[in-house]
Every structure is written in structure tokens, then in C-alpha cells.
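For reference, the structure discussed in these notes is given below.
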Amino acid sequence: VAAAELARYGVTVNAIAPAARTRMTEEVFAQTMAKPAEGEFDAMAPENVSPLVVWLGSAESAGITGRVFEAEGGRLCVMEAFRHGPSTDKGTRWDPSEVGTVIHDLLAQAPPPEPVYGTS
């Protein structure tokens with residue numbers, strides 16, 4: 001939304017979904033966030049996200065807007081979210097008593113959501 005609203009001013013807006021060890025994650029995801037043995041690549045080191053941050057702030061990223069990037073260890077990913085899925089149009093306002101059945105039918109047609117990071 002911010003990317004669409006600020007485009008007329010030449011402002012680009014992107015987001016980063018970082019996967020890194022922080023005070024907030026190191027206890028909740030203790031096994032995933034554990035530091036590796038000495039000399040091994042630390043995939044959860046927060047500084048692994050920094051190159052993407054620097055690049056997005058550079059002239060080379062001009063024109064890239066409205067995107068969410070995930071950064072985890074040595075992996076960069078362009079997220080693909082908020083695509084329109086199954087839908088139905090009644091052509092008029094729904095009564096709350098009708099909504100449940102329709103939503104359950106739409107969910108049955110839709111692919112399952114991606115697991116939230118840190119869950120199985």
C-alpha cells in the first residue's frame with residue numbers, strides 16, 4: 001500500500017523479513033538460533049541481513065518497489081504473498097449467517113498457507 005501511495009513522489013517502498021538471532025528469537029527458537037561451532041558459518045547472525053539492507057538503499061535498487069524480501073543466512077528470497085485466490089461474488093451484501101459456509105468452501109479450494117517461520 002505504501003509503495004502504491006508513494007510512487008507518485010518517486011519513493012520506493014520495500015520490506016525485509018529477516019531470519020536472525022535476536023533477543024526476541026534466541027529463546028523462542030532456541031534450537032534454530034543456537035550459535036554454530038567455532039569456524040562454521042553462522043546462518044542466524046544478524047549481520048547476514050545487512051547486505052540486503054545496504055543494497056536496497058543503493059541506486060542499483062532504483063525502481064524496485066512493493067516487494068518483501070526474506071533474508072536468512074546466505075539465502076535471499078522474493079516473497080510471493082497476497083495473491084487473489086478462490087472467490088465468490090453474491091452481487092449484494094452478505095448476511096453474516098451466510099458467510100461461514102462460503103468461507104469454508106473457498107478455503108477448501110485454496111492451497112494451504114505457508115507455515116509460519118519456526119513452526120512445523
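Following the order of the C-alpha cells, chains are lettered A, B, ..., residues in each are numbered from 1, and ligands are numbered from 1.
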Could the residues of stretch 12-36 of chain A that have an atom at most 10 Å from stretch 78-99 of chain A be listed as a Markdown table, each with its closest atom pair and the distance in Å to one decimal, counting only C-alpha atoms and ordered by chain and ascending residue number?
```
| residue | atom | partner | partner_atom | distance |
| --- | --- | --- | --- | --- |
| A:Ala15 | CA | A:Met79 | CA | 9.9 |
| A:Ile16 | CA | A:Val78 | CA | 9.5 |
| A:Ala17 | CA | A:Met79 | CA | 8.9 |
```
Output N, CA, C and O atoms for every residue in the selection just made, as an mmCIF file, in the first residue's frame.
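What landed in out.cif:
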```cif
data_model
loop_
_atom_site.group_PDB
_atom_site.id
_atom_site.type_symbol
_atom_site.label_atom_id
_atom_site.label_comp_id
_atom_site.auth_asym_id
_atom_site.auth_seq_id
_atom_site.Cartn_x
_atom_site.Cartn_y
_atom_site.Cartn_z
ATOM 1 N N ALA A 15 10.032 -4.170 1.947
ATOM 2 C CA ALA A 15 10.122 -4.675 3.315
ATOM 3 C C ALA A 15 11.086 -5.850 3.341
ATOM 4 O O ALA A 15 11.273 -6.532 2.334
ATOM 5 N N ILE A 16 11.649 -6.065 4.498
ATOM 6 C CA ILE A 16 12.556 -7.185 4.703
ATOM 7 C C ILE A 16 11.983 -8.051 5.814
ATOM 8 O O ILE A 16 11.613 -7.550 6.878
ATOM 9 N N ALA A 17 11.921 -9.350 5.560
ATOM 10 C CA ALA A 17 11.532 -10.330 6.572
ATOM 11 C C ALA A 17 12.819 -11.062 6.953
ATOM 12 O O ALA A 17 13.210 -12.024 6.304
#
```
Residue set, chain A restricted to alpha helix (DSSP H), as a PyMOL selection string: chain A and resi 2-6+30-33+50-56+96-109
Selection: 12 Å around A:Leu56, only C-alpha atoms, excl. self and same-chain fewer than 4 positions, as a ChimeraX atom specification: /A:12-16,49-52,60-65,67-69
Output N, CA, C and O atoms for every residue in the selection just made, as a compact mmCIF listing (two decimals), in the first residue's frame.
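Dumped everything to selection_8.txt:
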```txt
# COMPACT_ATOMS: atom_id res chain seq x y z
N THR A 12 10.31 4.64 -3.38
CA THR A 12 10.13 3.20 -3.43
C THR A 12 10.03 2.67 -2.01
O THR A 12 10.68 3.18 -1.09
N VAL A 13 9.21 1.65 -1.83
CA VAL A 13 8.98 1.07 -0.51
C VAL A 13 9.06 -0.44 -0.62
O VAL A 13 8.36 -1.04 -1.42
N ASN A 14 9.91 -1.04 0.16
CA ASN A 14 10.05 -2.49 0.22
C ASN A 14 10.11 -2.89 1.69
O ASN A 14 10.24 -2.04 2.57
N ALA A 15 10.03 -4.17 1.95
CA ALA A 15 10.12 -4.68 3.31
C ALA A 15 11.09 -5.85 3.34
O ALA A 15 11.27 -6.53 2.33
N ILE A 16 11.65 -6.06 4.50
CA ILE A 16 12.56 -7.19 4.70
C ILE A 16 11.98 -8.05 5.81
O ILE A 16 11.61 -7.55 6.88
N VAL A 49 21.86 -10.14 7.26
CA VAL A 49 20.76 -9.39 6.65
C VAL A 49 21.28 -8.05 6.09
O VAL A 49 20.71 -7.51 5.15
N SER A 50 22.36 -7.55 6.63
CA SER A 50 22.88 -6.23 6.28
C SER A 50 23.15 -6.00 4.80
O SER A 50 22.83 -4.92 4.29
N PRO A 51 23.73 -6.95 4.06
CA PRO A 51 23.97 -6.68 2.64
C PRO A 51 22.70 -6.35 1.86
O PRO A 51 22.71 -5.48 0.99
N LEU A 52 21.59 -7.00 2.19
CA LEU A 52 20.33 -6.69 1.52
C LEU A 52 19.86 -5.29 1.89
O LEU A 52 19.40 -4.53 1.03
N GLU A 60 21.35 1.09 -7.22
CA GLU A 60 21.12 -0.11 -8.02
C GLU A 60 19.71 -0.68 -7.83
O GLU A 60 19.18 -1.37 -8.70
N SER A 61 19.08 -0.38 -6.70
CA SER A 61 17.74 -0.91 -6.45
C SER A 61 16.63 0.03 -6.92
O SER A 61 15.45 -0.23 -6.69
N ALA A 62 17.01 1.09 -7.62
CA ALA A 62 16.01 2.06 -8.11
C ALA A 62 14.94 1.34 -8.92
O ALA A 62 15.23 0.47 -9.74
N GLY A 63 13.70 1.71 -8.68
CA GLY A 63 12.59 1.13 -9.42
C GLY A 63 12.04 -0.15 -8.83
O GLY A 63 11.00 -0.63 -9.27
N ILE A 64 12.70 -0.72 -7.85
CA ILE A 64 12.18 -1.93 -7.19
C ILE A 64 11.33 -1.46 -6.02
O ILE A 64 11.82 -0.79 -5.11
N THR A 65 10.05 -1.78 -6.07
CA THR A 65 9.14 -1.28 -5.04
C THR A 65 7.98 -2.24 -4.84
O THR A 65 7.65 -3.04 -5.72
N ARG A 67 7.84 -4.78 -2.77
CA ARG A 67 8.29 -6.16 -2.59
C ARG A 67 8.65 -6.45 -1.14
O ARG A 67 9.03 -5.56 -0.39
N VAL A 68 8.54 -7.73 -0.78
CA VAL A 68 9.01 -8.20 0.52
C VAL A 68 10.12 -9.20 0.23
O VAL A 68 9.94 -10.14 -0.54
N PHE A 69 11.26 -8.98 0.84
CA PHE A 69 12.42 -9.85 0.68
C PHE A 69 12.69 -10.56 2.00
O PHE A 69 12.65 -9.95 3.06
```
12 Å contact set for A:Thr22, only C-alpha atoms, chain neighbours under 2 positions out, as number ranges by chain: A: 18-20, 24-30, 32-35, 44-47
Between atom CA of A:Ala37 and atom CA of A:Glu70 - distance in Å to one decimal: 24.8 Å
Nearest candidate to A:Glu72 (options A:Ala43, A:Ala59, A:Val54, A:Leu106; using only C-alpha atoms): A:Ala43
Interatomic distance, atom CA of A:Gly66 to atom CA of A:Ala2 (Å, one decimal):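 Pair atom CA of A:Gly66 / atom CA of A:Ala2 returns 7.7 Å.
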Atom CA of A:Gly73 to atom CA of A:Pro36, straight-line distance in Å: 12.2 Å
All strand (DSSP E) positions in chain A, as a list in words: Ala15, Ile16, Ala17, Pro18, Ala19, Val68, Phe69, Glu70, Ala71, Glu72, Arg75, Leu76, Cys77 and Val78 of chain A
Limited to C-alpha atoms, could you put the picked residues into a file as a PDB file, in the first residue's frame?
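Result saved to out-v5.pdb:
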```
ATOM      1  CA  ALA A  15      10.122  -4.675   3.315  1.00  0.00           C
ATOM      2  CA  ILE A  16      12.556  -7.185   4.703  1.00  0.00           C
ATOM      3  CA  ALA A  17      11.532 -10.330   6.572  1.00  0.00           C
ATOM      4  CA  PRO A  18      14.772 -11.176   8.344  1.00  0.00           C
ATOM      5  CA  ALA A  19      15.534 -14.510   9.957  1.00  0.00           C
ATOM      6  CA  VAL A  68       9.005  -8.202   0.518  1.00  0.00           C
ATOM      7  CA  PHE A  69      12.422  -9.847   0.684  1.00  0.00           C
ATOM      8  CA  GLU A  70      13.379 -12.605   3.083  1.00  0.00           C
ATOM      9  CA  ALA A  71      16.988 -12.862   4.214  1.00  0.00           C
ATOM     10  CA  GLU A  72      18.222 -15.904   6.134  1.00  0.00           C
ATOM     11  CA  ARG A  75      19.639 -17.184   1.248  1.00  0.00           C
ATOM     12  CA  LEU A  76      17.706 -14.301  -0.302  1.00  0.00           C
ATOM     13  CA  CYS A  77      14.089 -14.790  -1.319  1.00  0.00           C
ATOM     14  CA  VAL A  78      11.434 -12.660  -3.001  1.00  0.00           C
TER      15      VAL A  78
END
```
